[in-house]
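Enquirer: Structure below; questions to follow.
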Amino acid sequence: MSDPDRGVWEGMLGYLRTQHPTVCRQWFDEIEPLGIIAGMMHLRAHSTVHKEYLRRSCGDVFREALQSVTGHLLGIRFVGPDESIGGPEEGAGMLTHRAKVNGAVSNGVRSKAGDLEPPDTLAINPDYDFSSFVVGPSNRYAHAAAMAVAEQPGSSYNPLFIHGDVGLGKTHLLQAVCLTIRRNNPDAVIHYLSCESFVTYFTEAIRANQMAQFRHWFRDVDVLVLDDIHFLASRERSQEEFFHTFNTLYQANKQIVLSSDAPPEEIPSLEDRVVSRFKCGLVTQVEAPDLDTRIAIVKSKALQRGLLVPDDAACHVATRVTRNIRELEGAVTKLQIAASVEGRPVDLDLAIDALGGEPRSGGSGPTIQLIAETVADFFNVRLTDLQGKRKPRSIAQPRQIGMFLARRHTRHSLEEIGGFFGGRDHTTVIHAIKTIEGKASADAQLSALLAELEQKVAKVK
């Protein structure tokens with residue numbers, strides 16, 4: 001590649017990092033620029049998965065960067081590690097070899113008239129591998145099962161059924177299974193798609209009288225991964241077809257991996273025989289992550305984007321965002337944008353500014369002193385006891401609640417909060433926050449008590 005073309009690529013990377021920081025990933029540095037040929041910048045990804053991710057998710061911003069740097073209307077073409085660039089007659093999407101899309105082999109030949117187009121598959125995000133999955137008490141069994149399936153598909157936990165609320169990491173585990181199987185066996189035929197795509201393709205196949213083609217596509221595979229299998233609910237004909245597809249794959253020792261928002265027996269209007277099939281392997285749940293896991297997730301997601309987040313800032317994010325991992329990712333995106341706009345590294349102050357809703361000490365919000373006084377008055381204990389070294393049972397929980405509220409309603413660091421409450425270190429504060437969160441989720445009375453205290457603290461000036 002010529003030096004000018006390499007300069008264009010370096011300019012593109014700089015543009016992406018400043019104008020689209022949330023798109024950038026550390027592995028972008030591993031993309032190999034092949035040069036501008038026939039009005040198109042050719043970029044080689046180091047794996048098929050990375051190529052597909054770039055093609056599906058990054059094409060528009062890469063074209064924008066290229067056109068901004070060169071001032072010309074040029075195109076982008078992503079190629080895989082073994083693809084040849086070809087000549088000018090090759091279109092941007094044509095390949096010169098047998099391609100694999102999401103693990104399913106395609107020979108590049110267009111469908112005959114009357115044939116069904118293949119169903120819409122889901123893009124695999126190369127960031128979603130096992131190494132980037134943060135393991136904690138809420139997901140360790142699902143993680144272990146997914147790893148076992150990925151290493152020995154068809155022999156361990158078949159089917160693997162993962163359920164849990166939205167945004168808790170089910171999709172990450174499904175994609176990690178696909179990535180690992182593909183890495184271990186590049187020739188494996190893997191179909192990864194949503195249950196909605198299965199139902200839509202089934203309906204189209206019936207309408208076009210192409211059920212043989214439908215069955216071939218779904219049953220001639222090594223691994224079938226279906227996201228949101230609860231979409232089968234109340235769809236009797238789709239359930240019937242899936243039941244037979246399941247049996248065919250299961251009897252051939254082909255791996256089946258399913259995800260759902262609910263366990264099999266709680267999916268409404270699902271036939272008993274389908275429920276039975278789902279439960280004949282392993283059913284495992286992912287739950288909401290605890291505080292320690294959320295902190296680790298924040299730091300991991302940030303690191304993927306080349307962002308270093310100190311402990312106090314990560315803890316701030318984790319205490320403000322408690323429901324699911326998807327919202328934590330959104331919070332990390334806010335941190336990244338704020339750091340880029342402000343031109344400074346992430347710290348606690350930046351995290352507070354980026355997430356908003358956090359009163360500042362010295363402003364109109366409560367101080368840590370006033371919070372402690374409110375807690376002491378509420379529990380009828382002395383403020384000096386909350387700040388003392390002693391650990392009687394009557395003081396332990398009020399002190400933990402004081403730390404919890406101080407973290408939520410002031411911008412003090414963990415060390416400062418611990419110091420105020422008897423010279424304790426930051427790990428004690430984290431433990432207090434985690435303890436109160438855990439107890440409140442299981443104890444309605446404590447949850448109501450906290451809500452009442454929150455109102456009192458909010459009124460403190």
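Ordering of the structure tokens sets the chain letters (A, B, ...); residue numbers start at 1 within each chain; ligands are numbered from 1 in the order shown.
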Could you list, as an MDAnalysis selection string, every residue within 12 Å of region 45-54 of chain A, counting only C-alpha atoms and ignoring same-chain residues fewer than 5 positions away?
Expert: chainID A and resid 23:25 27:34 59:63 76:83 93 98:104 121:129 175:176 178:180 182:183 186
Enquirer: Tell me which protein, DNA and RNA residues are within 9 Å of region 408-421 of chain A, counting only C-alpha atoms, leaving out same-chain ones fewer than 2 positions away, and put them as a PyMOL selection string.
Expert: chain A and resi 311-313+315-316+319-320+348-349+352+358-361+365-369+371-372+386-389+399+402-406+423-430+457-458
Enquirer: Could you write out, as an MDAnalysis selection string, all the residues of region 22-269 of chain A that DSSP marks as alpha helix (DSSP H)?
Expert: chainID A and resid 48:57 59:70 140:151 170:184 195:208 211:219 236:251
Enquirer: Now that the selection is made, can you save its residues with C-alpha atoms as a JSON list (two decimals), in the first residue's frame?
Expert:
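Resulting contents of out.json:
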[["chain", "number", "residue", "atom", "x", "y", "z"],
["A", 48, "THR", "CA", -14.61, -13.30, 9.47],
["A", 49, "VAL", "CA", -16.49, -12.25, 12.60],
["A", 50, "HIS", "CA", -14.72, -8.89, 12.71],
["A", 51, "LYS", "CA", -15.40, -8.38, 9.00],
["A", 52, "GLU", "CA", -19.12, -9.08, 9.42],
["A", 53, "TYR", "CA", -19.30, -6.76, 12.42],
["A", 54, "LEU", "CA", -17.61, -3.95, 10.51],
["A", 55, "ARG", "CA", -19.79, -4.50, 7.46],
["A", 56, "ARG", "CA", -23.05, -4.48, 9.40],
["A", 57, "SER", "CA", -22.32, -1.93, 12.10],
["A", 59, "GLY", "CA", -19.93, 0.95, 7.19],
["A", 60, "ASP", "CA", -21.60, 4.37, 7.33],
["A", 61, "VAL", "CA", -19.19, 5.97, 9.81],
["A", 62, "PHE", "CA", -16.15, 4.53, 8.00],
["A", 63, "ARG", "CA", -17.40, 6.02, 4.71],
["A", 64, "GLU", "CA", -18.01, 9.33, 6.46],
["A", 65, "ALA", "CA", -14.45, 9.28, 7.83],
["A", 66, "LEU", "CA", -12.97, 8.38, 4.43],
["A", 67, "GLN", "CA", -14.84, 11.14, 2.65],
["A", 68, "SER", "CA", -13.96, 13.68, 5.34],
["A", 69, "VAL", "CA", -10.24, 12.86, 5.14],
["A", 70, "THR", "CA", -9.98, 12.70, 1.33],
["A", 140, "ARG", "CA", -21.56, -18.02, 37.05],
["A", 141, "TYR", "CA", -23.60, -21.17, 36.40],
["A", 142, "ALA", "CA", -24.86, -19.93, 33.03],
["A", 143, "HIS", "CA", -21.31, -18.90, 32.11],
["A", 144, "ALA", "CA", -19.85, -22.29, 33.07],
["A", 145, "ALA", "CA", -22.55, -24.14, 31.12],
["A", 146, "ALA", "CA", -22.05, -21.96, 28.03],
["A", 147, "MET", "CA", -18.29, -22.57, 28.11],
["A", 148, "ALA", "CA", -18.82, -26.33, 28.40],
["A", 149, "VAL", "CA", -21.18, -26.28, 25.41],
["A", 150, "ALA", "CA", -18.76, -24.19, 23.36],
["A", 151, "GLU", "CA", -15.88, -26.57, 24.02],
["A", 170, "LYS", "CA", -27.90, -13.77, 27.65],
["A", 171, "THR", "CA", -26.99, -12.50, 24.18],
["A", 172, "HIS", "CA", -23.35, -12.12, 25.21],
["A", 173, "LEU", "CA", -23.22, -15.78, 26.24],
["A", 174, "LEU", "CA", -24.95, -16.95, 23.05],
["A", 175, "GLN", "CA", -22.49, -15.04, 20.89],
["A", 176, "ALA", "CA", -19.53, -16.25, 22.94],
["A", 177, "VAL", "CA", -20.66, -19.83, 22.27],
["A", 178, "CYS", "CA", -20.79, -19.11, 18.53],
["A", 179, "LEU", "CA", -17.38, -17.41, 18.51],
["A", 180, "THR", "CA", -15.69, -20.22, 20.44],
["A", 181, "ILE", "CA", -17.16, -23.01, 18.32],
["A", 182, "ARG", "CA", -16.17, -21.18, 15.15],
["A", 183, "ARG", "CA", -12.63, -20.66, 16.45],
["A", 184, "ASN", "CA", -12.28, -24.33, 17.39],
["A", 195, "CYS", "CA", -36.94, -16.87, 17.12],
["A", 196, "GLU", "CA", -38.90, -14.18, 15.31],
["A", 197, "SER", "CA", -36.80, -14.85, 12.19],
["A", 198, "PHE", "CA", -37.53, -18.57, 12.56],
["A", 199, "VAL", "CA", -41.29, -17.89, 12.67],
["A", 200, "THR", "CA", -41.16, -15.40, 9.79],
["A", 201, "TYR", "CA", -39.15, -17.77, 7.58],
["A", 202, "PHE", "CA", -41.53, -20.61, 8.44],
["A", 203, "THR", "CA", -44.53, -18.49, 7.40],
["A", 204, "GLU", "CA", -42.83, -17.51, 4.13],
["A", 205, "ALA", "CA", -41.92, -21.13, 3.42],
["A", 206, "ILE", "CA", -45.53, -22.24, 3.81],
["A", 207, "ARG", "CA", -46.74, -19.41, 1.57],
["A", 208, "ALA", "CA", -44.14, -20.24, -1.11],
["A", 211, "MET", "CA", -40.93, -26.31, 3.29],
["A", 212, "ALA", "CA", -38.19, -28.64, 2.02],
["A", 213, "GLN", "CA", -35.84, -25.68, 1.66],
["A", 214, "PHE", "CA", -36.85, -24.38, 5.11],
["A", 215, "ARG", "CA", -36.15, -27.73, 6.75],
["A", 216, "HIS", "CA", -32.84, -28.11, 4.97],
["A", 217, "TRP", "CA", -31.70, -24.68, 6.17],
["A", 218, "PHE", "CA", -32.55, -25.34, 9.81],
["A", 219, "ARG", "CA", -31.73, -29.03, 10.09],
["A", 236, "GLU", "CA", -49.10, -23.51, 17.38],
["A", 237, "ARG", "CA", -47.89, -24.29, 13.85],
["A", 238, "SER", "CA", -44.48, -22.76, 14.51],
["A", 239, "GLN", "CA", -44.22, -24.80, 17.71],
["A", 240, "GLU", "CA", -45.07, -27.95, 15.76],
["A", 241, "GLU", "CA", -42.35, -27.28, 13.20],
["A", 242, "PHE", "CA", -39.79, -26.33, 15.82],
["A", 243, "PHE", "CA", -40.60, -29.49, 17.77],
["A", 244, "HIS", "CA", -39.67, -31.64, 14.76],
["A", 245, "THR", "CA", -36.60, -29.50, 13.97],
["A", 246, "PHE", "CA", -35.48, -29.88, 17.58],
["A", 247, "ASN", "CA", -35.91, -33.66, 17.48],
["A", 248, "THR", "CA", -33.95, -33.97, 14.23],
["A", 249, "LEU", "CA", -31.00, -31.98, 15.59],
["A", 250, "TYR", "CA", -31.09, -33.57, 19.04],
["A", 251, "GLN", "CA", -31.07, -37.11, 17.67]]
Enquirer: CA of Val223 (chain A) and CA of Asp187 (chain A), how far apart in Å?
Expert: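 About the pair CA of Asp187 (chain A) and CA of Val223 (chain A): they are 11.4 Å apart.
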Enquirer: Just to confirm, what's the straight-line distance from CA of Arg326 (chain A) to CA of Gly167 (chain A) in Å (one decimal)?
Expert: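 One can read the CA of Arg326 (chain A) to CA of Gly167 (chain A) distance as 4.9 Å.
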Enquirer: Rounded to one decimal place, report the CA of Phe278 (chain A)-CA of Pro264 (chain A) distance in Å.
Expert: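 Straight-line distance from CA of Phe278 (chain A) to CA of Pro264 (chain A) works out to 6.5 Å.
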Enquirer: Neighbouring residues of Asp165 (chain A) were defined as those with any atom within 8 Å, considering only C-alpha atoms; residues of the same chain fewer than 6 positions away were excluded. Please report them as JSON, numbers by chain.
Expert: {"A": [261, 262, 286, 287, 288]}
Enquirer: Please produce a file of the residues just selected, as a compact mmCIF listing (two decimals), in the first residue's frame, where the atoms kept are C-alpha atoms.
Expert:
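Result file is out.txt:
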# COMPACT_ATOMS: atom_id res chain seq x y z
CA ASP A 261 -36.99 -13.95 29.14
CA ALA A 262 -38.71 -16.69 31.17
CA VAL A 286 -28.86 -15.10 34.66
CA GLU A 287 -29.89 -12.59 37.31
CA ALA A 288 -29.24 -8.93 37.97
Enquirer: When you look at Leu224 (chain A) with a cut-off of 7 Å (counting only C-alpha atoms), what residues show up, excluding the ones that are within fewer than 4 positions of it in the same chain? I need them as a PyMOL selection string.
Expert: chain A and resi 190-192+255-257
Enquirer: Considering only C-alpha atoms, state which residue in the set A:Ala252, A:Ala339, A:Val283, A:Leu350 is at the smallest distance from Arg305 (chain A).
Expert: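 Among A:Ala252, A:Ala339, A:Val283, A:Leu350, it is A:Ala339 that comes nearest to Arg305 (chain A).
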